[in-house]
Every structure is written in structure tokens, then in C-alpha cells.
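So this one's model-v8.txt, compact mmCIF, N, CA and C atoms:
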```txt
# COMPACT_ATOMS: atom_id res chain seq x y z
N MET A 214 0.85 -1.17 0.00
CA MET A 214 0.00 0.00 0.00
C MET A 214 0.90 1.23 0.00
N CYS A 215 0.45 2.26 -0.68
CA CYS A 215 1.29 3.42 -0.92
C CYS A 215 0.64 4.71 -0.41
N GLY A 216 1.21 5.28 0.62
CA GLY A 216 0.70 6.53 1.17
C GLY A 216 1.05 7.74 0.32
N ASP A 217 2.00 7.59 -0.62
CA ASP A 217 2.39 8.71 -1.48
C ASP A 217 1.38 8.97 -2.59
N CYS A 218 0.46 8.04 -2.82
CA CYS A 218 -0.52 8.17 -3.90
C CYS A 218 -1.84 8.80 -3.44
N VAL A 219 -2.00 8.98 -2.14
CA VAL A 219 -3.27 9.48 -1.61
C VAL A 219 -3.08 10.83 -0.93
N GLU A 220 -4.15 11.61 -0.95
CA GLU A 220 -4.12 12.91 -0.27
C GLU A 220 -4.12 12.72 1.24
N LYS A 221 -5.00 11.81 1.73
CA LYS A 221 -5.11 11.54 3.16
C LYS A 221 -5.25 10.04 3.35
N GLU A 222 -4.45 9.45 4.25
CA GLU A 222 -4.53 8.01 4.51
C GLU A 222 -5.72 7.70 5.40
N TYR A 223 -6.49 6.71 5.03
CA TYR A 223 -7.66 6.23 5.77
C TYR A 223 -8.59 7.37 6.21
N PRO A 224 -9.11 8.17 5.25
CA PRO A 224 -10.00 9.27 5.65
C PRO A 224 -11.29 8.73 6.29
N ASN A 225 -11.83 9.49 7.22
CA ASN A 225 -13.08 9.10 7.89
C ASN A 225 -14.23 9.36 6.93
N ARG A 226 -14.95 8.30 6.54
CA ARG A 226 -16.05 8.43 5.58
C ARG A 226 -17.41 8.32 6.26
N GLY A 227 -17.44 8.41 7.60
CA GLY A 227 -18.71 8.36 8.31
C GLY A 227 -19.39 7.02 8.15
N ASN A 228 -20.57 7.00 7.51
CA ASN A 228 -21.29 5.74 7.30
C ASN A 228 -21.34 5.32 5.83
N THR A 229 -20.45 5.87 5.00
CA THR A 229 -20.39 5.50 3.59
C THR A 229 -19.47 4.31 3.41
N CYS A 230 -20.05 3.12 3.29
CA CYS A 230 -19.29 1.87 3.12
C CYS A 230 -19.42 1.39 1.69
N LEU A 231 -18.31 1.33 0.98
CA LEU A 231 -18.30 0.90 -0.42
C LEU A 231 -17.91 -0.55 -0.53
N GLU A 232 -18.80 -1.36 -1.11
CA GLU A 232 -18.48 -2.77 -1.32
C GLU A 232 -17.46 -2.92 -2.45
N ASN A 233 -17.52 -2.01 -3.41
CA ASN A 233 -16.54 -2.02 -4.49
C ASN A 233 -16.35 -0.60 -4.99
N GLY A 234 -15.34 -0.39 -5.80
CA GLY A 234 -15.05 0.93 -6.33
C GLY A 234 -13.87 1.58 -5.63
N SER A 235 -13.59 2.83 -6.00
CA SER A 235 -12.47 3.57 -5.44
C SER A 235 -12.89 5.01 -5.18
N PHE A 236 -12.35 5.60 -4.15
CA PHE A 236 -12.64 7.00 -3.78
C PHE A 236 -11.62 7.89 -4.49
N LEU A 237 -11.91 8.24 -5.74
CA LEU A 237 -10.95 8.95 -6.59
C LEU A 237 -10.66 10.37 -6.13
N LEU A 238 -11.53 10.97 -5.34
CA LEU A 238 -11.25 12.32 -4.84
C LEU A 238 -10.06 12.33 -3.90
N ASN A 239 -9.73 11.20 -3.30
CA ASN A 239 -8.59 11.11 -2.39
C ASN A 239 -7.31 10.67 -3.12
N PHE A 240 -7.41 10.35 -4.39
CA PHE A 240 -6.27 9.87 -5.18
C PHE A 240 -5.55 11.05 -5.80
N THR A 241 -4.27 11.25 -5.44
CA THR A 241 -3.50 12.37 -5.98
C THR A 241 -2.79 12.01 -7.28
N GLY A 242 -2.59 10.72 -7.51
CA GLY A 242 -1.89 10.24 -8.69
C GLY A 242 -0.92 9.16 -8.29
N CYS A 243 -0.55 8.33 -9.23
CA CYS A 243 0.36 7.23 -8.97
C CYS A 243 1.77 7.77 -8.68
N ALA A 244 2.36 7.33 -7.59
CA ALA A 244 3.70 7.78 -7.20
C ALA A 244 4.78 7.19 -8.11
N VAL A 245 4.44 6.11 -8.83
CA VAL A 245 5.43 5.45 -9.69
C VAL A 245 5.44 6.06 -11.09
N CYS A 246 4.26 6.15 -11.74
CA CYS A 246 4.22 6.64 -13.12
C CYS A 246 3.70 8.08 -13.24
N SER A 247 3.27 8.68 -12.13
CA SER A 247 2.79 10.07 -12.07
C SER A 247 1.51 10.32 -12.86
N LYS A 248 0.74 9.27 -13.16
CA LYS A 248 -0.51 9.45 -13.88
C LYS A 248 -1.68 9.34 -12.92
N ARG A 249 -2.75 10.06 -13.22
CA ARG A 249 -3.97 10.02 -12.42
C ARG A 249 -5.07 9.48 -13.31
N ASP A 250 -5.35 8.19 -13.18
CA ASP A 250 -6.30 7.52 -14.06
C ASP A 250 -7.20 6.62 -13.22
N PHE A 251 -8.11 5.90 -13.85
CA PHE A 251 -8.98 4.98 -13.14
C PHE A 251 -8.18 3.82 -12.57
N MET A 252 -8.79 3.09 -11.63
CA MET A 252 -8.15 1.97 -10.96
C MET A 252 -8.63 0.64 -11.54
N LEU A 253 -7.81 -0.38 -11.40
CA LEU A 253 -8.19 -1.74 -11.77
C LEU A 253 -8.53 -2.49 -10.49
N ILE A 254 -9.61 -3.28 -10.52
CA ILE A 254 -9.98 -4.12 -9.39
C ILE A 254 -9.41 -5.51 -9.64
N THR A 255 -8.52 -5.96 -8.74
CA THR A 255 -7.89 -7.27 -8.91
C THR A 255 -7.91 -8.03 -7.59
N ASN A 256 -7.65 -9.30 -7.66
CA ASN A 256 -7.54 -10.16 -6.49
C ASN A 256 -8.75 -10.07 -5.56
N LYS A 257 -9.95 -10.00 -6.13
CA LYS A 257 -11.16 -9.91 -5.31
C LYS A 257 -11.48 -11.28 -4.72
N SER A 258 -11.72 -11.30 -3.41
CA SER A 258 -12.07 -12.55 -2.76
C SER A 258 -13.22 -12.33 -1.80
N LEU A 259 -14.02 -13.36 -1.62
CA LEU A 259 -15.16 -13.33 -0.71
C LEU A 259 -15.05 -14.54 0.20
N LYS A 260 -15.06 -14.28 1.50
CA LYS A 260 -15.05 -15.41 2.43
C LYS A 260 -16.07 -15.15 3.53
N GLU A 261 -16.61 -16.24 4.04
CA GLU A 261 -17.59 -16.16 5.12
C GLU A 261 -17.05 -16.92 6.32
N GLU A 262 -17.10 -16.26 7.48
CA GLU A 262 -16.68 -16.92 8.71
C GLU A 262 -17.46 -16.35 9.88
N ASP A 263 -18.03 -17.23 10.68
CA ASP A 263 -18.79 -16.85 11.88
C ASP A 263 -19.90 -15.83 11.58
N GLY A 264 -20.63 -16.03 10.49
CA GLY A 264 -21.74 -15.14 10.17
C GLY A 264 -21.33 -13.83 9.54
N GLU A 265 -20.05 -13.66 9.24
CA GLU A 265 -19.57 -12.44 8.59
C GLU A 265 -19.22 -12.74 7.14
N GLU A 266 -19.51 -11.80 6.29
CA GLU A 266 -19.12 -11.88 4.88
C GLU A 266 -18.03 -10.84 4.69
N ILE A 267 -16.84 -11.26 4.29
CA ILE A 267 -15.72 -10.35 4.14
C ILE A 267 -15.29 -10.32 2.68
N VAL A 268 -15.33 -9.13 2.08
CA VAL A 268 -14.90 -8.93 0.70
C VAL A 268 -13.59 -8.16 0.74
N THR A 269 -12.54 -8.71 0.15
CA THR A 269 -11.26 -7.99 0.06
C THR A 269 -10.81 -7.97 -1.40
N TYR A 270 -10.14 -6.91 -1.78
CA TYR A 270 -9.57 -6.81 -3.12
C TYR A 270 -8.55 -5.69 -3.17
N ASP A 271 -7.74 -5.70 -4.21
CA ASP A 271 -6.78 -4.63 -4.46
C ASP A 271 -7.37 -3.74 -5.54
N PRO A 272 -8.33 -2.86 -5.17
CA PRO A 272 -9.02 -2.09 -6.19
C PRO A 272 -8.16 -0.98 -6.72
N ASP A 273 -7.27 -0.58 -5.90
CA ASP A 273 -6.54 0.63 -6.19
C ASP A 273 -5.19 0.28 -6.81
N LEU A 274 -5.28 -0.42 -7.93
CA LEU A 274 -4.12 -0.81 -8.70
C LEU A 274 -4.06 0.15 -9.89
N CYS A 275 -2.90 0.81 -10.06
CA CYS A 275 -2.76 1.78 -11.15
C CYS A 275 -3.00 1.09 -12.50
N LYS A 276 -3.87 1.67 -13.30
CA LYS A 276 -4.24 1.11 -14.61
C LYS A 276 -3.05 1.10 -15.58
N ASN A 277 -2.12 2.03 -15.39
CA ASN A 277 -1.02 2.18 -16.34
C ASN A 277 0.21 1.34 -16.00
N CYS A 278 0.61 1.32 -14.71
CA CYS A 278 1.85 0.61 -14.36
C CYS A 278 1.63 -0.53 -13.36
N HIS A 279 0.35 -0.74 -12.95
CA HIS A 279 -0.04 -1.83 -12.04
C HIS A 279 0.57 -1.70 -10.63
N HIS A 280 0.90 -0.48 -10.24
CA HIS A 280 1.37 -0.20 -8.88
C HIS A 280 0.21 -0.37 -7.90
N VAL A 281 0.40 -1.13 -6.82
CA VAL A 281 -0.65 -1.34 -5.83
C VAL A 281 -0.71 -0.14 -4.90
N ILE A 282 -1.85 0.55 -4.94
CA ILE A 282 -2.03 1.75 -4.13
C ILE A 282 -2.65 1.41 -2.79
N ALA A 283 -3.64 0.52 -2.75
CA ALA A 283 -4.29 0.17 -1.49
C ALA A 283 -4.98 -1.18 -1.58
N ARG A 284 -5.32 -1.72 -0.42
CA ARG A 284 -6.09 -2.96 -0.30
C ARG A 284 -7.41 -2.60 0.37
N HIS A 285 -8.51 -3.00 -0.23
CA HIS A 285 -9.84 -2.63 0.23
C HIS A 285 -10.48 -3.80 0.96
N GLU A 286 -11.03 -3.54 2.16
CA GLU A 286 -11.75 -4.59 2.89
C GLU A 286 -13.12 -4.07 3.29
N TYR A 287 -14.14 -4.86 2.95
CA TYR A 287 -15.54 -4.54 3.25
C TYR A 287 -16.12 -5.73 3.99
N THR A 288 -16.75 -5.48 5.14
CA THR A 288 -17.30 -6.56 5.96
C THR A 288 -18.78 -6.34 6.18
N PHE A 289 -19.55 -7.42 6.05
CA PHE A 289 -20.98 -7.41 6.35
C PHE A 289 -21.24 -8.48 7.39
N SER A 290 -21.86 -8.10 8.51
CA SER A 290 -22.17 -9.08 9.55
C SER A 290 -23.54 -8.76 10.15
N ILE A 291 -24.12 -9.77 10.80
CA ILE A 291 -25.41 -9.58 11.47
C ILE A 291 -25.19 -9.72 12.97
N MET A 292 -25.38 -8.62 13.68
CA MET A 292 -25.29 -8.60 15.14
C MET A 292 -26.41 -7.69 15.62
N ASP A 293 -27.58 -8.25 15.94
CA ASP A 293 -28.79 -7.51 16.31
C ASP A 293 -29.34 -6.73 15.11
N GLU A 294 -28.51 -6.16 14.31
CA GLU A 294 -28.88 -5.41 13.11
C GLU A 294 -27.83 -5.74 12.06
N PHE A 295 -28.04 -5.29 10.84
CA PHE A 295 -26.99 -5.43 9.84
C PHE A 295 -25.85 -4.49 10.20
N GLN A 296 -24.64 -4.91 10.01
CA GLN A 296 -23.47 -4.11 10.33
C GLN A 296 -22.54 -4.11 9.12
N TYR A 297 -22.17 -2.95 8.66
CA TYR A 297 -21.25 -2.81 7.55
C TYR A 297 -20.00 -2.08 8.03
N THR A 298 -18.83 -2.52 7.58
CA THR A 298 -17.60 -1.79 7.86
C THR A 298 -16.74 -1.77 6.60
N MET A 299 -15.92 -0.74 6.47
CA MET A 299 -15.01 -0.61 5.34
C MET A 299 -13.68 -0.08 5.87
N LEU A 300 -12.58 -0.60 5.33
CA LEU A 300 -11.26 -0.13 5.69
C LEU A 300 -10.37 -0.17 4.46
N CYS A 301 -9.86 0.99 4.06
CA CYS A 301 -9.03 1.10 2.86
C CYS A 301 -8.19 2.37 2.96
N LEU A 302 -6.92 2.29 2.58
CA LEU A 302 -6.03 3.44 2.60
C LEU A 302 -6.58 4.58 1.74
N LEU A 303 -7.11 4.24 0.57
CA LEU A 303 -7.64 5.25 -0.35
C LEU A 303 -9.09 5.61 -0.04
N CYS A 304 -9.95 4.61 0.11
CA CYS A 304 -11.39 4.85 0.28
C CYS A 304 -11.75 5.30 1.70
N GLY A 305 -10.94 4.94 2.68
CA GLY A 305 -11.16 5.39 4.05
C GLY A 305 -11.73 4.32 4.95
N LYS A 306 -12.17 4.77 6.12
CA LYS A 306 -12.77 3.87 7.09
C LYS A 306 -14.18 4.35 7.40
N ALA A 307 -15.10 3.39 7.55
CA ALA A 307 -16.50 3.74 7.79
C ALA A 307 -17.22 2.56 8.44
N GLU A 308 -18.32 2.88 9.14
CA GLU A 308 -19.19 1.88 9.74
C GLU A 308 -20.63 2.32 9.57
N ASP A 309 -21.52 1.35 9.41
CA ASP A 309 -22.93 1.67 9.29
C ASP A 309 -23.74 0.49 9.80
N THR A 310 -24.91 0.76 10.37
CA THR A 310 -25.83 -0.28 10.79
C THR A 310 -27.19 0.01 10.20
N ILE A 311 -27.90 -1.05 9.83
CA ILE A 311 -29.24 -0.93 9.29
C ILE A 311 -30.10 -1.97 9.98
N SER A 312 -31.29 -1.60 10.37
CA SER A 312 -32.18 -2.52 11.07
C SER A 312 -32.61 -3.65 10.15
N ILE A 313 -32.73 -4.87 10.72
CA ILE A 313 -33.20 -6.01 9.94
C ILE A 313 -34.72 -6.10 9.94
N LEU A 314 -35.37 -5.23 10.70
CA LEU A 314 -36.83 -5.21 10.73
C LEU A 314 -37.37 -4.49 9.50
N PRO A 315 -38.59 -4.81 9.05
CA PRO A 315 -39.16 -4.12 7.89
C PRO A 315 -39.25 -2.61 8.08
N ASP A 316 -39.61 -2.18 9.29
CA ASP A 316 -39.66 -0.76 9.62
C ASP A 316 -38.63 -0.49 10.72
N ASP A 317 -37.64 0.30 10.41
CA ASP A 317 -36.57 0.61 11.36
C ASP A 317 -37.13 1.42 12.53
N PRO A 318 -37.10 0.89 13.76
CA PRO A 318 -37.65 1.61 14.91
C PRO A 318 -36.95 2.95 15.17
N ARG A 319 -35.69 3.06 14.78
CA ARG A 319 -34.96 4.33 14.96
C ARG A 319 -35.53 5.41 14.05
N GLN A 320 -36.00 5.02 12.87
CA GLN A 320 -36.57 5.98 11.94
C GLN A 320 -38.00 6.35 12.30
N MET A 321 -38.71 5.46 12.95
CA MET A 321 -40.10 5.71 13.34
C MET A 321 -40.18 6.87 14.34
N THR A 322 -39.23 6.97 15.25
CA THR A 322 -39.25 8.05 16.23
C THR A 322 -39.06 9.41 15.57
N LEU A 323 -38.41 9.44 14.43
CA LEU A 323 -38.22 10.71 13.73
C LEU A 323 -39.50 11.22 13.09
N LEU A 324 -40.47 10.34 12.84
CA LEU A 324 -41.70 10.75 12.19
C LEU A 324 -42.68 11.43 13.12
N PHE A 325 -42.54 11.22 14.41
CA PHE A 325 -43.50 11.76 15.36
C PHE A 325 -42.97 12.92 16.15
```
Is it possible to express this structure as C-alpha cells?
Amino acid sequence: MCGDCVEKEYPNRGNTCLENGSFLLNFTGCAVCSKRDFMLITNKSLKEEDGEEIVTYDPDLCKNCHHVIARHEYTFSIMDEFQYTMLCLLCGKAEDTISILPDDPRQMTLLF
């Protein structure tokens, strides 16, 4: 992973969890070839363990010289509610929860 290719390492993305893709606004350009282009998604893997679904890949591979910029990890688990987490040098870190009920009780209180 290369900290020279990003504006900020592991930026806080709040509750924005990306299962795939790249956060190009944080990409300053490839430190090896000096080009700022789209990324290639490679080495994508999906594994399940203890009720968690973990997606990892090297999305942030320079399209021109294949320099690895970052490794992306996205986790989905069920613990009382749906739980999403993301950790990536380029895309950042984030967590989010969504109710598994048809009507989210947290949202119902906002209506009244």
C-alpha cells in the first residue's frame, strides 16, 4: 500500500461503506508513473466466517503501471442489526448499521 498516492490516509467516511469501487477524490496520482487515471480491481475474494461476509480486493491498482495503491476490505455481519464496515487506505474507514426489521424503529421516532 502506498501513502504517497493518496491525499489523506484512511479518511473518515462516516457511514459511507463501499463494497466495491475507489474513492478517486482522495487519489493524488500514482507515485510510480505520475498518472492520475482509473483503478483496476484485482484479487477480489469473498469469504464467510462466523456469520460475517468479508470482501477484500486490491481495487486501487494503477491502470497504467499496475502499482498497488491500497487494499480494500468490506465486511458485512449480522449482530442484532446489519453491520457494515469498510477499511481502505484510499477509500477510508466507515461503519454503518441498518435494522433487519421491515420498519426501522430508529426511523419511526423521527416521524412523530
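Look at stretch 220-232 of chain A: the protein and nucleic acid residues within 7 Å of it, using all atoms listed in the file and passing over chain neighbours fewer than 5 places away, are Leu238, Asn239, Phe240, Thr241, Gly242, Tyr287, Tyr297, Thr298, Met299, Cys301, Leu302, Leu303, Cys304, Gly305, Lys306, Ala307, Glu308, Asp309 and Thr310 of chain A.
Among the candidates A:Asp217, A:Asp250, A:Glu266, A:Asp273, the residue lying nearest to A:Ser290 is A:Glu266 (atoms considered: only N, CA and C atoms).
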I need the strand (DSSP E) residues of chain A per DSSP on the backbone, written as a PyMOL selection string. chain A and resi 252-262+265-275+281-292+294-301+305-311
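Straight-line separation from atom C of A:Thr288 to atom N of A:Gly216: 23.8 Å.
One finds atom CA of A:Leu300 at 25.3 Å from atom CA of A:Cys246.
Residue nearest A:Asn256 within the list A:Tyr270, A:Ala244, A:Cys275, A:Gln296: A:Tyr270 [criterion: smallest interatomic distance, only C-alpha atoms].
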One decimal place gives the atom N of A:Asn277-atom N of A:Thr255 separation as 12.2 Å
Return the single residue from A:Ile291, A:Met252, A:Ile311, A:Ile282 that is closest to A:Gly264, with distances computed using only C-alpha atoms. A:Ile291
In chain A, DSSP alpha helix (DSSP H) residues written as JSON, numbers by chain: {"A": [318, 319, 320, 321, 322, 323, 324]}
Distance query 6 Å from (3.3, 0.9, -3.5) using only C-alpha atoms, result as a list in words: Met214, Cys215, His280, Val281 and Ile282 of chain A
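Among the candidates A:Cys218, A:Ile254, A:Phe289, A:Ser247, the one nearest to A:Val268 when counting only C-alpha atoms is A:Phe289.
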